[in-house]
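One file, my_file08.txt, is given below (compact mmCIF, C-alpha atoms).
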# COMPACT_ATOMS: atom_id res chain seq x y z
CA MET A 1 28.47 -1.88 -7.44
CA THR A 2 29.12 -3.64 -10.74
CA ALA A 3 26.65 -6.38 -9.84
CA ALA A 4 24.01 -3.82 -8.88
CA LEU A 5 24.43 -1.92 -12.15
CA SER A 6 24.26 -5.16 -14.08
CA PHE A 7 21.06 -6.11 -12.26
CA LEU A 8 19.48 -2.76 -13.09
CA ARG A 9 20.59 -2.89 -16.72
CA ASP A 10 19.47 -6.47 -17.35
CA ASN A 11 16.06 -5.99 -15.70
CA ALA A 12 15.35 -2.34 -16.43
CA ALA A 13 12.11 -2.91 -18.34
CA PHE A 14 10.57 -5.14 -15.64
CA LEU A 15 11.68 -2.86 -12.81
CA LEU A 16 10.44 0.30 -14.51
CA ALA A 17 7.10 -1.36 -15.22
CA GLY A 18 6.77 -2.25 -11.54
CA ALA A 19 7.65 1.30 -10.50
CA LEU A 20 5.18 2.73 -13.03
CA LEU A 21 2.39 0.51 -11.69
CA SER A 22 3.18 1.56 -8.12
CA PHE A 23 3.26 5.24 -9.04
CA THR A 24 -0.03 5.05 -10.90
CA SER A 25 -1.69 3.34 -7.93
CA SER A 26 -1.27 6.71 -6.15
CA PHE A 27 -4.51 7.99 -7.67
CA GLY A 28 -6.45 5.41 -5.70
CA GLN A 29 -4.43 5.75 -2.49
CA THR A 30 -5.65 7.57 0.60
CA PHE A 31 -2.82 10.10 0.59
CA PHE A 32 -4.11 11.36 -2.77
CA ILE A 33 -7.86 11.08 -2.26
CA SER A 34 -7.67 12.73 1.16
CA ILE A 35 -6.27 15.99 -0.19
CA PHE A 36 -9.75 16.53 -1.65
CA ALA A 37 -11.49 15.72 1.65
CA GLY A 38 -12.36 19.33 2.50
CA GLU A 39 -13.79 20.02 -0.96
CA ILE A 40 -15.75 16.75 -1.04
CA MET A 41 -17.25 17.29 2.41
CA SER A 42 -18.15 20.87 1.54
CA THR A 43 -19.65 19.98 -1.84
CA PHE A 44 -21.80 17.17 -0.48
CA SER A 45 -22.43 18.64 3.03
CA LEU A 46 -20.74 15.79 4.92
CA SER A 47 -19.34 15.62 8.45
CA ASP A 48 -16.03 13.92 9.26
CA GLY A 49 -17.97 10.86 10.38
CA ASP A 50 -20.12 10.81 7.23
CA TRP A 51 -17.09 11.05 4.98
CA GLY A 52 -15.24 8.40 6.99
CA LEU A 53 -18.15 5.95 6.75
CA ILE A 54 -18.56 6.54 3.02
CA TYR A 55 -14.85 5.96 2.53
CA SER A 56 -15.01 2.84 4.66
CA LEU A 57 -17.97 1.44 2.75
CA GLY A 58 -16.34 1.88 -0.66
CA THR A 59 -12.99 0.56 0.57
CA THR A 60 -14.55 -2.47 2.29
CA ALA A 61 -16.33 -3.39 -0.93
CA SER A 62 -12.97 -3.12 -2.68
CA ALA A 63 -11.39 -5.49 -0.15
CA ILE A 64 -14.14 -8.06 -0.70
CA VAL A 65 -13.76 -8.00 -4.48
CA MET A 66 -9.95 -8.22 -4.17
CA VAL A 67 -10.26 -11.70 -2.63
CA TRP A 68 -11.37 -13.03 -6.01
CA SER A 69 -9.93 -10.57 -8.51
CA GLY A 70 -6.40 -10.73 -7.09
CA ILE A 71 -6.00 -14.31 -8.28
CA LEU A 72 -6.06 -13.06 -11.87
CA THR A 73 -2.35 -12.25 -11.48
CA ASP A 74 -1.73 -16.03 -11.49
CA ARG A 75 -3.47 -16.37 -14.85
CA LEU A 76 -2.92 -13.26 -16.96
CA ARG A 77 0.11 -11.38 -18.17
CA VAL A 78 0.85 -8.14 -16.37
CA ARG A 79 0.63 -6.19 -19.62
CA VAL A 80 -2.90 -7.51 -20.25
CA LEU A 81 -4.26 -7.22 -16.72
CA GLY A 82 -2.44 -3.93 -16.17
CA ALA A 83 -4.05 -2.38 -19.23
CA ILE A 84 -7.50 -3.35 -18.00
CA VAL A 85 -6.83 -1.97 -14.54
CA PHE A 86 -5.33 1.28 -15.88
CA ALA A 87 -8.46 1.82 -17.97
CA GLY A 88 -10.59 1.14 -14.90
CA LEU A 89 -8.61 3.57 -12.77
CA ALA A 90 -8.90 6.31 -15.40
CA PHE A 91 -12.66 5.75 -15.49
CA ALA A 92 -12.76 5.93 -11.68
CA CYS A 93 -11.04 9.34 -11.74
CA LEU A 94 -13.53 10.62 -14.32
CA PHE A 95 -16.41 9.25 -12.25
CA MET A 96 -15.20 11.24 -9.25
CA ALA A 97 -14.85 14.35 -11.44
CA PHE A 98 -18.39 14.21 -12.82
CA ASN A 99 -20.36 12.59 -9.97
CA PRO A 100 -23.05 15.06 -8.72
CA TYR A 101 -24.68 12.85 -6.08
CA ALA A 102 -23.57 12.07 -2.52
CA ALA A 103 -25.35 8.71 -2.79
CA LEU A 104 -22.85 7.65 -5.48
CA LEU A 105 -19.76 8.56 -3.46
CA PRO A 106 -19.37 5.01 -2.06
CA LEU A 107 -19.29 3.70 -5.65
CA SER A 108 -16.77 6.35 -6.61
CA ILE A 109 -14.53 5.41 -3.69
CA PHE A 110 -14.92 1.72 -4.49
CA LEU A 111 -13.77 2.25 -8.08
CA LEU A 112 -10.75 4.30 -7.01
CA ARG A 113 -9.71 2.00 -4.19
CA PHE A 114 -10.23 -1.24 -6.09
CA SER A 115 -8.46 -0.23 -9.29
CA GLY A 116 -5.80 1.94 -7.65
CA GLN A 117 -4.88 0.87 -4.13
CA GLY A 118 -6.02 -2.70 -4.71
CA MET A 119 -5.28 -4.10 -8.15
CA THR A 120 -2.60 -1.74 -9.49
CA SER A 121 -0.33 -2.10 -6.46
CA HIS A 122 -1.15 -5.83 -6.20
CA ILE A 123 -0.07 -6.46 -9.78
CA ALA A 124 3.22 -4.63 -9.23
CA MET A 125 4.20 -6.55 -6.09
CA VAL A 126 3.09 -9.97 -7.32
CA ALA A 127 5.06 -9.50 -10.53
CA MET A 128 8.25 -8.63 -8.64
CA ALA A 129 7.82 -11.47 -6.14
CA ARG A 130 7.33 -13.96 -8.97
CA TRP A 131 9.88 -12.73 -11.50
CA PHE A 132 12.77 -12.42 -9.03
CA VAL A 133 14.07 -14.92 -6.46
CA ALA A 134 17.64 -14.24 -5.27
CA THR A 135 17.17 -10.50 -5.83
CA ARG A 136 13.51 -10.35 -4.81
CA GLY A 137 14.07 -7.77 -2.08
CA LYS A 138 15.84 -5.36 -4.43
CA ALA A 139 13.20 -5.78 -7.12
CA LEU A 140 10.36 -5.15 -4.68
CA ALA A 141 12.10 -2.07 -3.31
CA ILE A 142 12.69 -0.58 -6.74
CA ALA A 143 9.12 -1.26 -7.85
CA ALA A 144 7.70 0.21 -4.64
CA SER A 145 9.74 3.38 -5.16
CA GLY A 146 7.11 4.47 -7.67
CA TYR A 147 4.60 4.70 -4.85
CA ALA A 148 7.07 6.74 -2.80
CA VAL A 149 7.60 9.19 -5.66
CA GLY A 150 3.84 9.62 -6.02
CA GLU A 151 3.49 10.20 -2.32
CA ALA A 152 6.20 12.83 -2.40
CA ILE A 153 5.09 14.95 -5.34
CA LEU A 154 1.39 14.45 -6.02
CA PRO A 155 -0.06 15.89 -2.76
CA VAL A 156 2.09 19.02 -2.99
CA LEU A 157 1.30 19.53 -6.68
CA PHE A 158 -2.43 18.96 -6.36
CA VAL A 159 -2.90 20.94 -3.14
CA ALA A 160 -1.14 23.86 -4.80
CA ALA A 161 -3.18 23.38 -7.97
CA MET A 162 -6.44 23.48 -6.00
CA THR A 163 -5.77 27.11 -5.15
CA LEU A 164 -6.04 27.88 -8.88
CA ILE A 165 -8.18 25.11 -10.41
CA ASP A 166 -11.51 23.61 -9.39
CA TRP A 167 -10.96 20.20 -7.79
CA HIS A 168 -13.19 18.41 -10.33
CA TYR A 169 -10.82 19.33 -13.16
CA LEU A 170 -7.87 17.89 -11.26
CA TRP A 171 -9.48 14.45 -11.30
CA MET A 172 -9.75 14.80 -15.07
CA VAL A 173 -6.02 15.57 -15.20
CA ALA A 174 -5.35 12.39 -13.21
CA ALA A 175 -7.43 10.32 -15.67
CA LEU A 176 -5.54 11.76 -18.63
CA PHE A 177 -2.17 10.97 -17.03
CA ILE A 178 -3.17 7.34 -16.41
CA LEU A 179 -4.27 6.88 -20.03
CA LEU A 180 -0.96 8.33 -21.23
CA MET A 181 0.95 5.84 -19.07
CA LEU A 182 -0.87 2.83 -20.52
CA PRO A 183 1.15 2.61 -23.77
CA VAL A 184 4.34 3.20 -21.79
CA MET A 185 3.64 0.11 -19.68
CA GLN A 186 2.79 -1.91 -22.79
CA ARG A 187 6.12 -0.93 -24.32
CA LEU A 188 8.10 -1.89 -21.23
CA LEU A 189 6.49 -5.32 -21.02
CA ARG A 190 6.47 -6.22 -24.70
CA GLN A 191 8.60 -9.34 -23.96
CA GLU A 192 6.97 -10.28 -20.66
CA ARG A 193 6.95 -13.89 -19.51
CA THR A 194 3.64 -15.52 -18.62
CA PRO A 195 2.61 -16.38 -15.04
CA GLN A 196 1.85 -19.95 -16.14
CA SER A 197 5.37 -20.62 -17.41
CA LEU A 198 6.92 -19.16 -14.28
CA ALA A 199 4.63 -21.13 -12.01
CA GLU A 200 5.66 -24.45 -13.53
CA GLY A 201 9.07 -24.31 -11.90
CA ASP A 202 9.83 -24.87 -8.25
CA THR A 203 12.26 -22.00 -8.03
CA ALA A 204 11.00 -20.63 -4.71
CA LEU A 205 9.50 -23.16 -2.34
CA GLY A 206 7.91 -22.27 0.98
CA MET A 207 7.59 -24.07 4.31
CA ASP A 208 8.00 -27.85 4.23
CA GLY A 209 9.66 -27.54 0.84
CA ARG A 210 6.50 -26.99 -1.19
CA HIS A 211 4.19 -24.40 -2.70
CA TRP A 212 1.19 -23.59 -0.51
CA THR A 213 -2.29 -22.88 -1.86
CA ARG A 214 -4.43 -20.04 -0.61
CA LYS A 215 -6.74 -22.39 1.31
CA GLU A 216 -3.76 -24.06 3.00
CA MET A 217 -2.38 -20.67 4.01
CA LEU A 218 -5.67 -19.69 5.63
CA ARG A 219 -5.65 -22.91 7.68
CA HIS A 220 -2.09 -22.32 8.89
CA PRO A 221 -1.73 -20.35 12.17
CA LEU A 222 1.12 -18.18 10.82
CA PHE A 223 -1.26 -16.13 8.68
CA TRP A 224 -3.41 -15.23 11.70
CA PHE A 225 -0.37 -14.24 13.78
CA VAL A 226 0.74 -11.91 10.98
CA LEU A 227 -2.72 -10.52 10.19
CA PRO A 228 -2.67 -7.69 12.82
CA SER A 229 0.57 -6.41 11.31
CA ILE A 230 -1.06 -6.32 7.88
CA LEU A 231 -4.05 -4.40 9.16
CA GLY A 232 -2.14 -1.96 11.39
CA PRO A 233 -0.10 0.20 8.97
CA SER A 234 -2.91 0.26 6.44
CA ALA A 235 -5.56 1.21 9.00
CA PHE A 236 -3.70 3.82 11.00
CA VAL A 237 -1.39 5.42 8.44
CA THR A 238 -4.43 5.67 6.19
CA ALA A 239 -6.36 7.26 9.06
CA LEU A 240 -3.59 9.80 9.60
CA PHE A 241 -3.50 10.86 5.95
CA PHE A 242 -7.27 10.71 5.72
CA GLN A 243 -7.67 12.98 8.76
CA GLN A 244 -4.85 15.32 7.73
CA VAL A 245 -7.16 18.34 7.46
CA HIS A 246 -8.61 17.65 10.92
CA LEU A 247 -5.17 16.94 12.41
CA ALA A 248 -3.74 20.19 11.07
CA GLU A 249 -6.69 22.13 12.45
CA VAL A 250 -6.45 20.54 15.91
CA LYS A 251 -2.71 21.21 16.07
CA GLY A 252 -3.07 24.75 14.74
CA TRP A 253 -0.97 24.06 11.66
CA SER A 254 -1.73 25.17 8.11
CA HIS A 255 -2.77 22.37 5.78
CA VAL A 256 -0.17 23.40 3.20
CA GLY A 257 2.52 23.41 5.90
CA PHE A 258 1.52 19.93 7.02
CA VAL A 259 1.46 18.60 3.46
CA ALA A 260 4.91 20.10 2.93
CA LEU A 261 6.22 17.48 5.41
CA PHE A 262 5.24 14.63 3.11
CA PRO A 263 8.58 14.72 1.23
CA VAL A 264 10.34 14.06 4.56
CA TYR A 265 8.14 11.02 5.00
CA THR A 266 8.82 9.92 1.43
CA ILE A 267 12.60 10.36 1.58
CA VAL A 268 12.91 8.29 4.75
CA SER A 269 10.38 5.76 3.46
CA THR A 270 12.33 5.33 0.24
CA LEU A 271 15.60 4.93 2.13
CA PHE A 272 14.17 2.20 4.36
CA MET A 273 12.41 0.62 1.41
CA LEU A 274 15.77 0.16 -0.30
CA LEU A 275 17.45 -0.85 2.95
CA ALA A 276 14.76 -3.46 3.56
CA GLY A 277 15.22 -4.77 0.02
CA TRP A 278 18.93 -5.28 0.64
CA ALA A 279 18.29 -6.80 4.09
CA ILE A 280 15.68 -9.24 2.72
CA ASP A 281 18.17 -10.64 0.19
CA ARG A 282 20.88 -10.88 2.86
CA PHE A 283 19.00 -12.05 5.97
CA GLY A 284 15.57 -13.28 4.83
CA THR A 285 12.25 -12.09 6.21
CA ARG A 286 12.27 -14.21 9.37
CA ARG A 287 14.79 -12.00 11.13
CA LEU A 288 13.18 -8.73 10.04
CA MET A 289 9.45 -9.20 10.47
CA PRO A 290 9.24 -9.08 14.30
CA PHE A 291 10.91 -5.67 14.60
CA TYR A 292 9.93 -3.50 11.66
CA GLN A 293 6.76 -2.07 13.25
CA ILE A 294 8.46 -0.74 16.39
CA PRO A 295 9.32 2.65 14.83
CA ILE A 296 5.71 3.30 13.82
CA ALA A 297 4.56 2.54 17.37
CA ILE A 298 6.89 5.27 18.63
CA SER A 299 5.87 7.64 15.83
CA PHE A 300 2.27 7.87 16.99
CA VAL A 301 3.41 8.79 20.51
CA VAL A 302 5.54 11.57 19.05
CA MET A 303 2.79 12.81 16.71
CA ALA A 304 0.22 12.86 19.52
CA SER A 305 2.42 15.14 21.64
CA ALA A 306 3.90 17.21 18.78
CA ASP A 307 3.47 20.94 19.31
CA SER A 308 5.30 22.05 16.18
CA LEU A 309 5.80 20.94 12.59
CA TRP A 310 9.39 20.01 13.47
CA TRP A 311 8.17 17.32 15.86
CA ALA A 312 5.59 16.25 13.28
CA ALA A 313 8.43 15.85 10.78
CA PHE A 314 10.28 13.63 13.28
CA ALA A 315 7.14 11.55 13.76
CA PHE A 316 6.79 11.20 10.00
CA ALA A 317 10.41 10.02 9.77
CA LEU A 318 9.81 7.31 12.37
CA MET A 319 6.59 6.26 10.68
CA ALA A 320 8.37 6.12 7.32
CA MET A 321 10.90 3.60 8.66
CA THR A 322 8.09 1.11 9.06
CA THR A 323 6.08 2.02 5.98
CA GLY A 324 9.20 1.89 3.82
CA ALA A 325 9.97 -1.62 5.00
CA ASN A 326 6.29 -2.47 4.73
CA SER A 327 6.42 -1.75 1.00
CA THR A 328 8.72 -4.70 0.40
CA LEU A 329 8.98 -6.95 3.45
CA PRO A 330 5.48 -8.53 3.55
CA SER A 331 5.49 -9.31 -0.20
CA ALA A 332 8.81 -11.12 0.19
CA PHE A 333 7.50 -12.83 3.32
CA TRP A 334 4.57 -14.48 1.50
CA ALA A 335 6.86 -15.80 -1.22
CA GLU A 336 9.49 -17.03 1.25
CA PHE A 337 7.13 -18.84 3.59
CA TYR A 338 4.44 -20.03 1.15
CA GLY A 339 6.25 -20.36 -2.20
CA THR A 340 5.59 -18.59 -5.49
CA ARG A 341 3.38 -20.92 -7.52
CA HIS A 342 0.16 -19.49 -6.04
CA ILE A 343 1.61 -16.16 -4.94
CA GLY A 344 -1.07 -14.13 -6.74
CA GLY A 345 -3.92 -15.85 -4.91
CA ILE A 346 -2.08 -15.81 -1.58
CA LYS A 347 -1.13 -12.15 -1.80
CA SER A 348 -4.66 -11.26 -2.89
CA ILE A 349 -5.81 -12.28 0.60
CA ALA A 350 -3.09 -10.12 2.15
CA THR A 351 -3.97 -7.25 -0.17
CA ALA A 352 -7.65 -7.61 0.69
CA ALA A 353 -6.75 -7.49 4.39
CA MET A 354 -4.64 -4.40 3.77
CA VAL A 355 -7.47 -2.73 1.87
CA LEU A 356 -9.89 -3.69 4.64
CA GLY A 357 -7.57 -2.08 7.16
CA SER A 358 -7.58 1.11 5.14
CA ALA A 359 -11.39 1.03 5.36
CA ILE A 360 -11.45 0.49 9.12
CA GLY A 361 -9.03 3.31 10.01
CA PRO A 362 -10.90 6.27 8.48
CA ALA A 363 -14.28 4.95 9.65
CA ILE A 364 -13.28 4.48 13.30
CA SER A 365 -11.27 7.69 13.49
CA GLY A 366 -14.08 9.69 11.86
CA VAL A 367 -16.74 8.36 14.24
CA LEU A 368 -14.52 9.06 17.25
CA ILE A 369 -13.84 12.60 16.01
CA ASP A 370 -17.58 13.21 15.69
CA ARG A 371 -17.91 12.08 19.31
CA GLY A 372 -15.34 14.61 20.49
CA ILE A 373 -12.23 12.41 20.59
CA THR A 374 -9.62 14.10 18.42
CA PHE A 375 -7.28 12.04 16.29
CA PRO A 376 -4.22 12.89 18.45
CA GLU A 377 -6.16 11.57 21.46
CA GLN A 378 -6.69 8.28 19.62
CA MET A 379 -2.98 7.70 19.06
CA LEU A 380 -2.14 5.96 22.36
CA GLY A 381 -4.46 3.10 21.43
CA ILE A 382 -2.84 2.93 18.00
CA THR A 383 0.60 2.60 19.62
CA ILE A 384 -0.60 -0.31 21.76
CA TRP A 385 -1.90 -2.07 18.64
CA PHE A 386 1.55 -1.98 17.00
CA VAL A 387 3.34 -3.23 20.09
CA LEU A 388 1.00 -6.21 20.39
CA ALA A 389 1.20 -6.89 16.64
CA SER A 390 4.99 -7.05 16.84
CA ALA A 391 4.81 -9.57 19.67
CA LEU A 392 2.45 -11.76 17.65
CA ILE A 393 4.71 -11.61 14.58
CA TRP A 394 7.71 -12.64 16.65
CA PHE A 395 5.95 -15.72 18.03
CA GLY A 396 4.35 -16.78 14.74
CA VAL A 397 7.37 -16.28 12.49
CA THR A 398 9.86 -17.79 14.93
CA THR A 399 7.73 -20.92 15.21
CA ALA A 400 6.98 -21.26 11.49
CA ALA A 401 10.56 -20.63 10.38
CA ARG A 402 11.50 -24.10 11.65
CA SER A 403 9.58 -25.50 8.66
CA LEU A 404 11.63 -23.63 6.07
CA THR A 405 13.82 -25.85 3.97
CA ARG A 406 16.72 -23.40 4.09
CA PRO A 407 17.79 -20.70 6.52
CA ALA A 408 15.64 -17.56 6.22

The structure in this file should be written as structure tokens.
Amino acid sequence: MTAALSFLRDNAAFLLAGALLSFTSSFGQTFFISIFAGEIMSTFSLSDGDWGLIYSLGTTASAIVMVWSGILTDRLRVRVLGAIVFAGLAFACLFMAFNPYAALLPLSIFLLRFSGQGMTSHIAMVAMARWFVATRGKALAIAASGYAVGEAILPVLFVAAMTLIDWHYLWMVAALFILLMLPVMQRLLRQERTPQSLAEGDTALGMDGRHWTRKEMLRHPLFWFVLPSILGPSAFVTALFFQQVHLAEVKGWSHVGFVALFPVYTIVSTLFMLLAGWAIDRFGTRRLMPFYQIPIAISFVVMASADSLWWAAFAFALMAMTTGANSTLPSAFWAEFYGTRHIGGIKSIATAAMVLGSAIGPAISGVLIDRGITFPEQMLGITIWFVLASALIWFGVTTAARSLTRPA
């Protein structure tokens, strides 16, 4: 306990900055954007499939740009890059508030997804993975808790607010909040170390006792074995939150009642986020990666057959076990297996894949809904994906771990 308190006290500014970045990324995350789905579709006369394709187009563009922009975390201070991204995210919220044309919705989604889901969360996780080594898991978990807090409170607050305030004004509120958080982040990171100085040391080597470049990672089979597990949670959890209005209607649940379950999801997610952080520091990622997506596979079976909000809550709890671990485990995995010198560029590929997954899920689910296949009916296929992804992780990680210079 004393060591934990000392860790928190000595690193409070860095950890709070990471949590603030994660929380602020909420405004570009699907769980936030999707609460406006009904209003957006009504305002612009869109079907579920139309909205899903628009969302996919903007998110896919974000994933493409992330491949190059993510490497900036290897070159710029977090306080500098974070300020730029915060300003961009605030502009994106204002663009959504004032955009009168359906044709500009893909651009609006691109701006939100790139600056929020993409860069803001990427900066937070890369910073933690680089700044901390022996306590990397704990740092990642604490930083990711900001996202969990946003997921718990923002949907409930904004759904309730929409009953009183026009949805356009709520995007203006989001922009104002982001701008207010900018000087707070600057204050927290006033003594930040530079990525260049940290990269000069060999404090965290990867496989074969060296730091891997992004090109070398892409040529190594381990990345391709892990790729389905990167795409899966992003694609299908995003699809679930994106189709929350449809799902509630199909199940006969009120939207407000369904959204009220989100805190259950967040509490369990936060618990397993912290548990994963402790487990990473104790056991390494090799022993954890093959198993952490099993609960989410089961969760989609439960959600598909749920006939009450109680069963939906149980499904959310199972899903949260995986998504909580997913907030910290993959970021630690890239650093452990590929080293930290080029971690920004390496994780930018993973982030781009994650963003791409979040584009695929809403698009596919929306098209299938338009063709008469409800989202609950799609969930068996989703379960199969996670089972196969877990098998691929087990084979890839078990094989690659032999190249680690120390036990993982």

Using only C-alpha atoms for the distances, tell me which of A:Ile40, A:Ile142, A:Met379, A:Ile343 is nearest to Tyr101 (chain A).
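Among the listed residues, A:Ile40 lies closest to Tyr101 (chain A).
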
Between CA of Leu111 (chain A) and CA of Phe95 (chain A), measure the distance and give it in Å to one decimal.
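Calculated distance between CA of Leu111 (chain A) and CA of Phe95 (chain A) is 8.6 Å.
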
Using Å and a single decimal, report how far CA of Leu188 (chain A) sits from CA of Leu94 (chain A).
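Calculated distance between CA of Leu94 (chain A) and CA of Leu188 (chain A) is 25.9 Å.
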
For CA of Leu81 (chain A) and CA of Pro362 (chain A), quote the distance in Å rounded to one decimal.
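Here the two named atoms are 29.3 Å from each other.
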
Which residue of A:Ser25, A:Ser365, A:Thr398, A:Ser56 approaches Thr285 (chain A) most closely, using only C-alpha atoms:
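Of A:Ser25, A:Ser365, A:Thr398, A:Ser56, the one nearest Thr285 (chain A) is A:Thr398, counting only C-alpha atoms.
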
Measuring between only C-alpha atoms, which one of A:Gly49, A:Phe395, A:Ala12, A:Tyr338 shows the shortest distance to Thr213 (chain A)?
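Among A:Gly49, A:Phe395, A:Ala12, A:Tyr338, it is A:Tyr338 that comes nearest to Thr213 (chain A).
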
May I ask which of the residues A:Met207, A:Leu21, A:Ile346, A:Ala297 is the closest one to Leu72 (chain A), counting only C-alpha atoms?
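Among the listed residues, the smallest separation from Leu72 (chain A) belongs to A:Ile346.
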
For Thr24 (chain A), the nearest of the candidates A:Pro183, A:Gly146, A:Gly70, A:Gly88, counting only C-alpha atoms
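Ranking A:Pro183, A:Gly146, A:Gly70, A:Gly88 by distance to Thr24 (chain A), first place goes to A:Gly146.
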
Counting only C-alpha atoms, what is within 10 Å of region 161-177 of chain A, bar same-chain residues fewer than 3 positions away, as number ranges by chain?
A: 24, 26-27, 33, 35-36, 39-40, 86-99, 155-158, 180-182

Near-Val149 (chain A) list (10 Å; only C-alpha atoms; drop same-chain fewer than 2 positions) as a VMD selection string:
chain A and resid 19 22 to 23 26 144 to 147 151 to 154 263 266 to 267 270

Shell around Ile230 (chain A) at 8 Å using only C-alpha atoms, local window under 2 positions removed, as a list in words:
Val226, Leu227, Pro228, Gly232, Pro233, Ser234, Ala350, Ala353, Met354 and Gly357 of chain A

May I ask which of the residues A:Trp334, A:Trp51, A:Phe110, A:Phe7 is the closest one to Leu222 (chain A), counting all atoms listed in the file?
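Looking at the shortest contact to Leu222 (chain A), the residue is A:Trp334.
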